[in-house]
Amino acid sequence: LRKDVRLGVGDDCALLEVPDGQELAVSLDTLVAGVHFFADMDPEALGHRALAVNLSDLAAMGAEPAWASLALTLPQADPVWLAAFAGGFCALAAQNDLQLIGGDTTRGPLTITVQVQGLVPSGRAMRRSAARPGDLIYVTGTLGDASLALKYLAEGSPPAPDSDILRRLERPAPRLAEGRALRACAHAAIDVSDGLIADLGHILDASGVGAELRLGRLPLSEPVRAYVQASGDWALPLCGGDDYELCITVPDYQQGTLGILSKNFECGLHLIGRCTEKPGLLCALPSGEPWTPARSGYDHFADGP
Ligand SMILES: [Mg+2]
């Protein structure tokens, strides 16, 4: 139990102590069965995932997790399901010294809402609006694994239960330690929840810059690399979502510091492009040819060189 929780579950409100010199970072996410996850998903994995997607937002700001509240809407009270869900949720909370300080349960279609609160030194959080022309763009881990697992599930040919791509979909690992370390030298940051193109697009919009990406530099796992090579479907790793990696922009002169920092990152850190003064997003295939998504609805793309 955390010392900064003056009053936890049981009264009308929890009472929390925010240390001097720290800001409160607050984020909320709702997961709806049939929209964000399959209703028959393993409840233990679901408990993990519901918290992990929120922690990923804290990671993106460089914040340290402290507290969480949980609102559960359930079709029926199933003690076995609930125990498994709580097990997944609480295991990840304990790993991150995070305390559950409140909650609510109601009856209805399966819906999970989690709010997390974290702490970050005042004025030091990484914002989407801080990218500058010339910044280098990096991403942690690998992209497209969860999307590939989801694609196979939707096609009725589920990946092996112990496969890495299924683990990435069901048990995302929020990049908390990486986010806190990157705070030292990154300009802008975001977590990749809706796909790299969409989320990098939020940085570009908020910062008023453009970007050039080299797709040959995208960090891809073996299964995703093989899939993209066979299908040419670059939209899967670029637009798929559920990666929960961090995308950051870093000024050129911090490259050395970043190299030292990222040596401790188990997930790795990969240079994928650069911010430009000219607005819009240009993606270059390994061949050098430009790439634009076949599907419409991505409004971040430049009209062309
Ligand atoms: Mg986010």
# chains A, B, ... in the order shown; residues from 1 in each chain; ligands from 1

$ select_by_dssp --residues "segment 43-210 of chain A" --states "alpha helix (DSSP H)" --output "PyMOL selection string"
chain A and resi 43-61+79-95+145-154+164-170+176-182+196-207

$ residues_near_ligand --ligand "ligand 1" --cutoff "7 Å" --atoms "only C-alpha atoms and all ligand atoms" --output "number ranges by chain"
A: 56-57, 60, 190-193

$ write_last_selection --atoms "all heavy atoms" --output "JSON list (two decimals), in the first residue's frame"
[["chain", "number", "residue", "atom", "x", "y", "z"],
["A", 56, "SER", "N", -0.11, 2.93, -20.47],
["A", 56, "SER", "CA", 0.60, 3.34, -21.68],
["A", 56, "SER", "C", 0.47, 4.85, -21.89],
["A", 56, "SER", "O", 1.42, 5.51, -22.34],
["A", 56, "SER", "CB", 0.05, 2.57, -22.88],
["A", 56, "SER", "OG", 0.72, 2.94, -24.06],
["A", 57, "ASP", "N", -0.68, 5.42, -21.54],
["A", 57, "ASP", "CA", -0.85, 6.88, -21.63],
["A", 57, "ASP", "C", 0.05, 7.60, -20.62],
["A", 57, "ASP", "O", 0.61, 8.65, -20.93],
["A", 57, "ASP", "CB", -2.31, 7.26, -21.40],
["A", 57, "ASP", "CG", -3.18, 6.97, -22.62],
["A", 57, "ASP", "OD1", -2.69, 7.12, -23.75],
["A", 57, "ASP", "OD2", -4.34, 6.59, -22.43],
["A", 60, "ALA", "N", 3.52, 7.63, -22.01],
["A", 60, "ALA", "CA", 3.70, 8.60, -23.08],
["A", 60, "ALA", "C", 4.00, 10.00, -22.57],
["A", 60, "ALA", "O", 4.59, 10.82, -23.27],
["A", 60, "ALA", "CB", 2.46, 8.63, -23.97],
["A", 190, "ILE", "N", 4.10, 10.26, -27.78],
["A", 190, "ILE", "CA", 2.72, 9.75, -27.78],
["A", 190, "ILE", "C", 2.82, 8.22, -27.69],
["A", 190, "ILE", "O", 3.84, 7.65, -28.07],
["A", 190, "ILE", "CB", 1.96, 10.19, -29.06],
["A", 190, "ILE", "CG1", 0.45, 9.99, -28.91],
["A", 190, "ILE", "CG2", 2.48, 9.48, -30.31],
["A", 190, "ILE", "CD1", -0.38, 10.72, -29.96],
["A", 191, "ASP", "N", 1.79, 7.58, -27.15],
["A", 191, "ASP", "CA", 1.79, 6.12, -27.24],
["A", 191, "ASP", "C", 1.00, 5.70, -28.48],
["A", 191, "ASP", "O", 0.03, 6.38, -28.87],
["A", 191, "ASP", "CB", 1.27, 5.45, -25.96],
["A", 191, "ASP", "CG", -0.21, 5.70, -25.73],
["A", 191, "ASP", "OD1", -0.66, 6.85, -25.89],
["A", 191, "ASP", "OD2", -0.92, 4.74, -25.38],
["A", 192, "VAL", "N", 1.46, 4.65, -29.13],
["A", 192, "VAL", "CA", 0.87, 4.21, -30.38],
["A", 192, "VAL", "C", -0.27, 3.24, -30.06],
["A", 192, "VAL", "O", -0.04, 2.05, -29.86],
["A", 192, "VAL", "CB", 1.93, 3.54, -31.29],
["A", 192, "VAL", "CG1", 1.30, 3.14, -32.62],
["A", 192, "VAL", "CG2", 3.09, 4.49, -31.53],
["A", 193, "SER", "N", -1.49, 3.78, -29.97],
["A", 193, "SER", "CA", -2.65, 2.94, -29.66],
["A", 193, "SER", "C", -3.54, 2.77, -30.88],
["A", 193, "SER", "O", -4.19, 1.74, -31.03],
["A", 193, "SER", "CB", -3.44, 3.55, -28.50],
["A", 193, "SER", "OG", -3.77, 4.90, -28.76]]

$ closest_residue --among "A:Leu169, A:Leu282, A:Gly8, A:Ala68" --to "Ala45 of chain A" --atoms "only C-alpha atoms"
A:Leu169

$ residues_around --residues "Gly118 of chain A" --least-positions-apart "3" --cutoff "10 Å" --atoms "only C-alpha atoms" --output "short mmCIF file (atom, residue, chain, number, x, y, z; two decimals) with N, CA, C and O atoms, in the first residue's frame"
data_model
loop_
_atom_site.label_atom_id
_atom_site.label_comp_id
_atom_site.auth_asym_id
_atom_site.auth_seq_id
_atom_site.Cartn_x
_atom_site.Cartn_y
_atom_site.Cartn_z
N VAL A 18 -0.44 14.65 -3.23
CA VAL A 18 0.46 14.89 -4.36
C VAL A 18 1.72 15.58 -3.82
O VAL A 18 1.62 16.65 -3.23
N GLN A 22 5.56 18.03 -7.99
CA GLN A 22 5.06 17.03 -8.94
C GLN A 22 3.69 17.47 -9.47
O GLN A 22 2.93 18.12 -8.76
N GLU A 23 3.44 17.09 -10.71
CA GLU A 23 2.10 17.30 -11.27
C GLU A 23 1.38 15.97 -11.35
O GLU A 23 2.00 14.92 -11.49
N LEU A 24 0.03 16.04 -11.29
CA LEU A 24 -0.81 14.86 -11.41
C LEU A 24 -1.10 14.64 -12.89
O LEU A 24 -1.58 15.54 -13.57
N ALA A 25 -0.79 13.46 -13.41
CA ALA A 25 -1.12 13.10 -14.79
C ALA A 25 -2.31 12.15 -14.74
O ALA A 25 -2.25 11.13 -14.06
N VAL A 26 -3.39 12.50 -15.43
CA VAL A 26 -4.65 11.75 -15.31
C VAL A 26 -5.10 11.28 -16.69
O VAL A 26 -5.07 12.04 -17.65
N SER A 27 -5.51 10.02 -16.79
CA SER A 27 -5.99 9.50 -18.07
C SER A 27 -7.10 8.48 -17.84
O SER A 27 -7.10 7.78 -16.82
N LEU A 55 -1.96 2.67 -18.51
CA LEU A 55 -0.58 2.91 -18.10
C LEU A 55 0.25 3.39 -19.29
O LEU A 55 1.19 4.17 -19.14
N ASP A 57 -0.68 5.42 -21.54
CA ASP A 57 -0.85 6.88 -21.63
C ASP A 57 0.05 7.60 -20.62
O ASP A 57 0.61 8.65 -20.93
N LEU A 58 0.20 7.04 -19.43
CA LEU A 58 1.12 7.64 -18.46
C LEU A 58 2.55 7.57 -18.99
O LEU A 58 3.33 8.51 -18.88
N ALA A 59 2.89 6.42 -19.58
CA ALA A 59 4.24 6.23 -20.15
C ALA A 59 4.53 7.31 -21.19
O ALA A 59 5.64 7.86 -21.24
N MET A 61 3.58 10.29 -21.34
CA MET A 61 3.87 11.60 -20.75
C MET A 61 5.13 11.57 -19.90
O MET A 61 5.56 12.59 -19.38
N GLY A 62 5.71 10.39 -19.72
CA GLY A 62 6.87 10.24 -18.84
C GLY A 62 6.49 10.22 -17.37
O GLY A 62 7.31 10.53 -16.50
N ALA A 63 5.23 9.88 -17.07
CA ALA A 63 4.73 9.90 -15.68
C ALA A 63 4.90 8.54 -15.02
O ALA A 63 4.96 7.50 -15.69
N GLU A 64 4.94 8.57 -13.69
CA GLU A 64 5.06 7.35 -12.89
C GLU A 64 3.69 6.99 -12.34
O GLU A 64 3.03 7.83 -11.73
N PRO A 65 3.21 5.75 -12.52
CA PRO A 65 1.88 5.39 -12.05
C PRO A 65 1.77 5.48 -10.54
O PRO A 65 2.73 5.18 -9.83
N ALA A 66 0.61 5.92 -10.04
CA ALA A 66 0.41 6.00 -8.59
C ALA A 66 -0.92 5.34 -8.18
O ALA A 66 -0.94 4.44 -7.36
N TRP A 67 -2.03 5.77 -8.78
CA TRP A 67 -3.34 5.34 -8.33
C TRP A 67 -4.24 5.00 -9.51
O TRP A 67 -4.00 5.47 -10.62
N ALA A 68 -5.29 4.22 -9.26
CA ALA A 68 -6.25 3.91 -10.32
C ALA A 68 -7.64 3.72 -9.73
O ALA A 68 -7.79 3.32 -8.57
N LEU A 98 1.16 0.56 -8.01
CA LEU A 98 -0.05 1.34 -8.24
C LEU A 98 -1.14 0.81 -7.32
O LEU A 98 -1.32 -0.40 -7.20
#

$ closest_residue --among "A:Val114, A:Leu51, A:Ala83, A:Ala186" --to "Cys247 of chain A" --atoms "only C-alpha atoms"
A:Ala186

$ closest_residue --among "A:Gly108, A:Ala173, A:Ala181, A:Leu70" --to "Gly259 of chain A" --atoms "only C-alpha atoms"
A:Ala181

$ atom_distance --atom1 "atom CA of His187 of chain A" --atom2 "atom CA of Leu136 of chain A"
9.7 Å

$ select_by_dssp --residues "segment 13-195 of chain A" --states "strand (DSSP E)" --output "NGL selection string"
:A and (15-16 or 22-32 or 64-74 or 99-107 or 111-121 or 136-140 or 189-192)
